[in-house]
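Structure record follows, encoded as structure tokens.
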There are 2 protein chains.
Amino acid sequence: MVRLEDVAEDSGFSRATVSRVINEESKVKPETVEKIKASMEKLGYRPNMLARALSSGKKNSIAVLLPDVTTLYYTRLLRGINDVAQDVYYHTIVKSISKIENAADLIDSNMVDGFIIRHSRSFEKIDFLMKKINKKNMPVIFIGRPFNDSESPSVIVDNVGGARKMAHYFFSKNYRKILFVTGKNDNIDSNDRKYGFRMGLLECGFDVNSLVEVEGDFTREKGYEIAKKYMKNGGFDAVFAANDESAMGVLLYLNENSIKVPEEVSVAGFDDAFFAEYLWPPLTTVRQPMYEIGQTAMKNILKIIDRDPSVKNETIFSTELVIRKSCSRE
Amino acid sequence: MVRLEDVAEDSGFSRATVSRVINEESKVKPETVEKIKASMEKLGYRPNMLARALSSGKKNSIAVLLPDVTTLYYTRLLRGINDVAQDVYYHTIVKSISKIENAADLIDSNMVDGFIIRHSRSFEKIDFLMKKINKKNMPVIFIGRPFNDSESPSVIVDNVGGARKMAHYFFSKNYRKILFVTGKNDNIDSNDRKYGFRMGLLECGFDVNSLVEVEGDFTREKGYEIAKKYMKNGGFDAVFAANDESAMGVLLYLNENSIKVPEEVSVAGFDDAFFAEYLWPPLTTVRQPMYEIGQTAMKNILKIIDRDPSVKNETIFSTELVIRKSCSRE
DNA sequence: TATGATAATGTAAGCGCTATCATTCGAAAA
DNA sequence: TTTTCGAATGATAGCGCTTACATTATCATA
């Protein structure tokens, strides 16, 4: 095993200077950096992250807070986060927002270096936590809109743009009688998607008044229930659900009642959740690059911890329309 | 932050003795253990795993080797492994068997404390790796049958029993014309399931000669292909695919061709993969407790590393029949 | 050439543990 | 009482890094 000391010896500099090179500090002469890097290369040096963490007094852990939906739903996000974390020997502790006290404990017992938070509603709970976090001046990054328009950096997905694309697609397919299944009225993502969808339709000259919007809650059950109520008597060309899970409920109802998708009704969702392509028929949806979002969130919180000023306050990921069989081909 | 030293001071013993208590060594007087534990409790002491790892010279990393199927498939397994790993500040490095050289590098560069291996075929590759592992006398644990009946401990699932249960269920449902879609002929899991299925049918007095077995390869595409060939002209009551992925292919063909499941044909798979319940219709299958298997594998490799002799050479998990709508209710 | 000021590098004290070796304790044997 | 020898505990040197703080090199200015 090659240690920092070996590099120091080989290059003729002190351990401190080698350490500076590893940590990319500025006060080292470029020439020296070259030499030391050459030594590192030559010896195949790899820093021991454990020693690094111990010495620098970091916990090398960050907390990930998620809404308490099936965690399976966040698989890709978590994988993105973890893949980055592992490279730098960071540890992730996943907690659910419903048990916010557990997350708060993490702060009190000094267990984490920062937070990655994904929330959808639960404002009071988040508020409680944010106060603690701010008091300790702890690094935070949001996935999705930050809480209360706080200044905290965030990684967000272009909900508006994604729904807008879907609107254009729907219009191009000549769907004119459309049912839009929203999430809860106070859900940020849902509202953005509603806004984008309407905007897209308007741009096409579609009469938005004929759009039927029904409030759902992002669950499969609610999707099923709404489909039952609205699809029974036909009359709709297409359904756009604000997330894949409700779209799944819609599909379930249609399948059970032998209403042919997409021949009779087309269905689309939003998220490209892991199950979307396995549904019957495979679901047309808007893909959020969850894996990349996770990676970016982790990279950014790491930067914030290291006081790297290059973190953008808002990183926006664009979405991609994924066309599958649940929408008619004409 | 409470350190070991604080506990030592509070209890009046030396750091060494406190360390002994933490590591559950035997040479400490029971009375002393009590006192020290009381101090730890009182101060709320939590060992710093980083320091521990650094000091003891462990890498605190273990390599997880998986066949290169969609990793999404192994989500639950990996989560089980990781959840245990995280508690003890272990790091997991996931490598795919197809790139076995990467795994071998891990040994040469002294990066891991041990291996968790899940293989299905690829004997030559595993053989290559095992030689290296054995030479270094490195801890290994297998998920599924160990390689070449080696003595290495393993965590396995009761494939035979699971398939047997399915056979009993099929028989009880009065399916008499059955298609069995296997995996590759040299796949261990597939063969065990075939064996168990036949055994179960025999036990019911079923004429096994009327069972139609077709070799597949565990992929969705092959499942689809086989269904196309065999289901076109009807005549089958049910299909049992040796894994959920091929079952998905079968379902896809049946749905596309409006062959009603389960009214006309019942379908079952094996694995209870993450997508099984979202298929249409939701798939009857055999659940393998992947999460628990992952947890156990990790716990066991940890024990082996610590030279804890209590590791069973073979830990068998039983399976559970999961009845969903893809099999007729009669 | 002497003088600061600043840039570049070095020295060494930890970070919180483990593990080796040394020391002390306590009870049975002499 | 003294001796002996495990059993129990203590002292301490690291593990591989980071990071004050101290020191030296460099160079424009007086």
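Chain labels A, B, ... are given in the sequence in which chains occur in the structure tokens; within each chain residues are numbered consecutively from 1, and ligands are likewise numbered from 1 in the order shown.
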(request) Please report as an MDAnalysis selection string which residues of chain B come no farther than 7 Å from chain D, using only C-alpha atoms (C1' of nucleotides). (result) chainID B and resid 14 17 27:29 54:55 57
For the residues in the current selection, export C-alpha atoms as a CSV table (one decimal), in the first residue's frame.
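Written out: result-v4.csv:
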chain,number,residue,atom,x,y,z
B,14,SER,CA,-7.8,2.7,30.7
B,17,THR,CA,-9.8,-1.8,28.6
B,27,LYS,CA,-10.2,-11.1,29.2
B,28,VAL,CA,-12.1,-8.4,31.0
B,29,LYS,CA,-13.6,-9.1,34.4
B,54,LEU,CA,-8.1,3.1,10.3
B,55,SER,CA,-6.5,1.8,13.4
B,57,GLY,CA,-5.9,-1.6,9.3
(request) Hey, list the chain A side of the contact with chain B: 6 Å cut-off, only C-alpha atoms, answer as a ChimeraX atom specification. (result) /A:50,279-280
Keeping only C-alpha atoms, write those residues as a short mmCIF file (atom, residue, chain, number, x, y, z; two decimals), in the first residue's frame.
data_model
loop_
_atom_site.label_atom_id
_atom_site.label_comp_id
_atom_site.auth_asym_id
_atom_site.auth_seq_id
_atom_site.Cartn_x
_atom_site.Cartn_y
_atom_site.Cartn_z
CA LEU A 50 -10.66 6.74 6.11
CA LEU A 279 -47.05 -1.68 -17.40
CA TRP A 280 -49.57 -2.83 -19.94
#
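Those residues of segment 143-196 of chain B that DSSP, working from the backbone, places in strand (DSSP E) are Ile143, Ser154, Val155, Ile156, Val157, Ile178, Leu179, Phe180 and Val181 of chain B.
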Same residues, N, CA and C atoms, saved as a PDB file, in the first residue's frame:
ATOM      1  N   ILE B 143     -23.811 -16.072  -2.720  1.00  0.00           N
ATOM      2  CA  ILE B 143     -25.259 -15.991  -2.671  1.00  0.00           C
ATOM      3  C   ILE B 143     -25.708 -16.959  -3.737  1.00  0.00           C
ATOM      4  N   SER B 154     -22.302 -19.998   2.206  1.00  0.00           N
ATOM      5  CA  SER B 154     -23.210 -19.424   1.226  1.00  0.00           C
ATOM      6  C   SER B 154     -24.573 -19.132   1.841  1.00  0.00           C
ATOM      7  N   VAL B 155     -25.268 -18.246   1.188  1.00  0.00           N
ATOM      8  CA  VAL B 155     -26.640 -17.946   1.572  1.00  0.00           C
ATOM      9  C   VAL B 155     -27.471 -18.338   0.375  1.00  0.00           C
ATOM     10  N   ILE B 156     -28.306 -19.319   0.538  1.00  0.00           N
ATOM     11  CA  ILE B 156     -29.042 -19.769  -0.632  1.00  0.00           C
ATOM     12  C   ILE B 156     -30.538 -19.765  -0.405  1.00  0.00           C
ATOM     13  N   VAL B 157     -31.238 -19.793  -1.507  1.00  0.00           N
ATOM     14  CA  VAL B 157     -32.674 -19.757  -1.437  1.00  0.00           C
ATOM     15  C   VAL B 157     -33.174 -21.130  -1.843  1.00  0.00           C
ATOM     16  N   ILE B 178     -49.409 -28.091 -19.076  1.00  0.00           N
ATOM     17  CA  ILE B 178     -48.524 -27.053 -18.551  1.00  0.00           C
ATOM     18  C   ILE B 178     -47.250 -26.876 -19.376  1.00  0.00           C
ATOM     19  N   LEU B 179     -46.915 -25.601 -19.607  1.00  0.00           N
ATOM     20  CA  LEU B 179     -45.659 -25.294 -20.297  1.00  0.00           C
ATOM     21  C   LEU B 179     -44.677 -24.753 -19.266  1.00  0.00           C
ATOM     22  N   PHE B 180     -43.488 -25.328 -19.237  1.00  0.00           N
ATOM     23  CA  PHE B 180     -42.475 -24.841 -18.306  1.00  0.00           C
ATOM     24  C   PHE B 180     -41.331 -24.217 -19.095  1.00  0.00           C
ATOM     25  N   VAL B 181     -41.105 -22.929 -18.870  1.00  0.00           N
ATOM     26  CA  VAL B 181     -40.040 -22.225 -19.570  1.00  0.00           C
ATOM     27  C   VAL B 181     -38.820 -22.166 -18.658  1.00  0.00           C
TER      28      VAL B 181
END
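Here atom CA of Ile133 of chain A and atom CA of Ile107 of chain A stand 7.5 Å from one another.
All of the residues in chain C within 7 Å of chain A are DA8, DT9, DG10 and DC15 of chain C, where only C-alpha atoms (C1' of nucleotides) were counted.
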Close residues, Asp272 of chain A itself excluded, 10 Å, only C-alpha atoms (C1' of nucleotides), min 4 positions apart in chain, as an mmCIF file with C-alpha atoms, in the first residue's frame:
data_model
loop_
_atom_site.group_PDB
_atom_site.id
_atom_site.type_symbol
_atom_site.label_atom_id
_atom_site.label_comp_id
_atom_site.auth_asym_id
_atom_site.auth_seq_id
_atom_site.Cartn_x
_atom_site.Cartn_y
_atom_site.Cartn_z
ATOM 1 C CA ASN A 243 -47.330 11.146 -12.196
ATOM 2 C CA ASP A 244 -46.846 7.556 -13.269
ATOM 3 C CA GLU A 245 -48.349 6.102 -10.179
ATOM 4 C CA ALA A 276 -43.509 2.521 -16.422
ATOM 5 C CA GLU A 277 -42.107 0.363 -19.169
ATOM 6 C CA LEU A 283 -46.599 3.880 -20.459
ATOM 7 C CA THR A 284 -45.849 7.040 -22.371
ATOM 8 C CA THR A 285 -44.367 9.443 -19.876
ATOM 9 C CA VAL A 286 -41.937 12.226 -19.185
ATOM 10 C CA ARG A 287 -38.558 11.058 -18.038
ATOM 11 C CA GLN A 288 -36.824 12.791 -15.224
ATOM 12 C CA PRO A 289 -33.140 11.930 -15.163
ATOM 13 C CA MET A 290 -33.312 10.762 -11.580
ATOM 14 C CA GLU A 320 -37.470 13.906 -22.067
ATOM 15 C CA LEU A 321 -40.671 12.684 -23.610
ATOM 16 C CA VAL A 322 -40.747 8.895 -23.648
#
(request) Please identify which residues in segment 72-270 of chain B DSSP calls alpha helix (DSSP H) from the backbone, and express them as a VMD selection string. (result) chain B and resid 75 to 87 100 to 108 123 to 136 159 to 172 188 to 203 220 to 231 244 to 256
(message) When you count only C-alpha atoms, which of these residues is closest to Glu221 of chain B: B:Leu201, B:Val112, B:Ile22, B:Val250?
(response) B:Val250
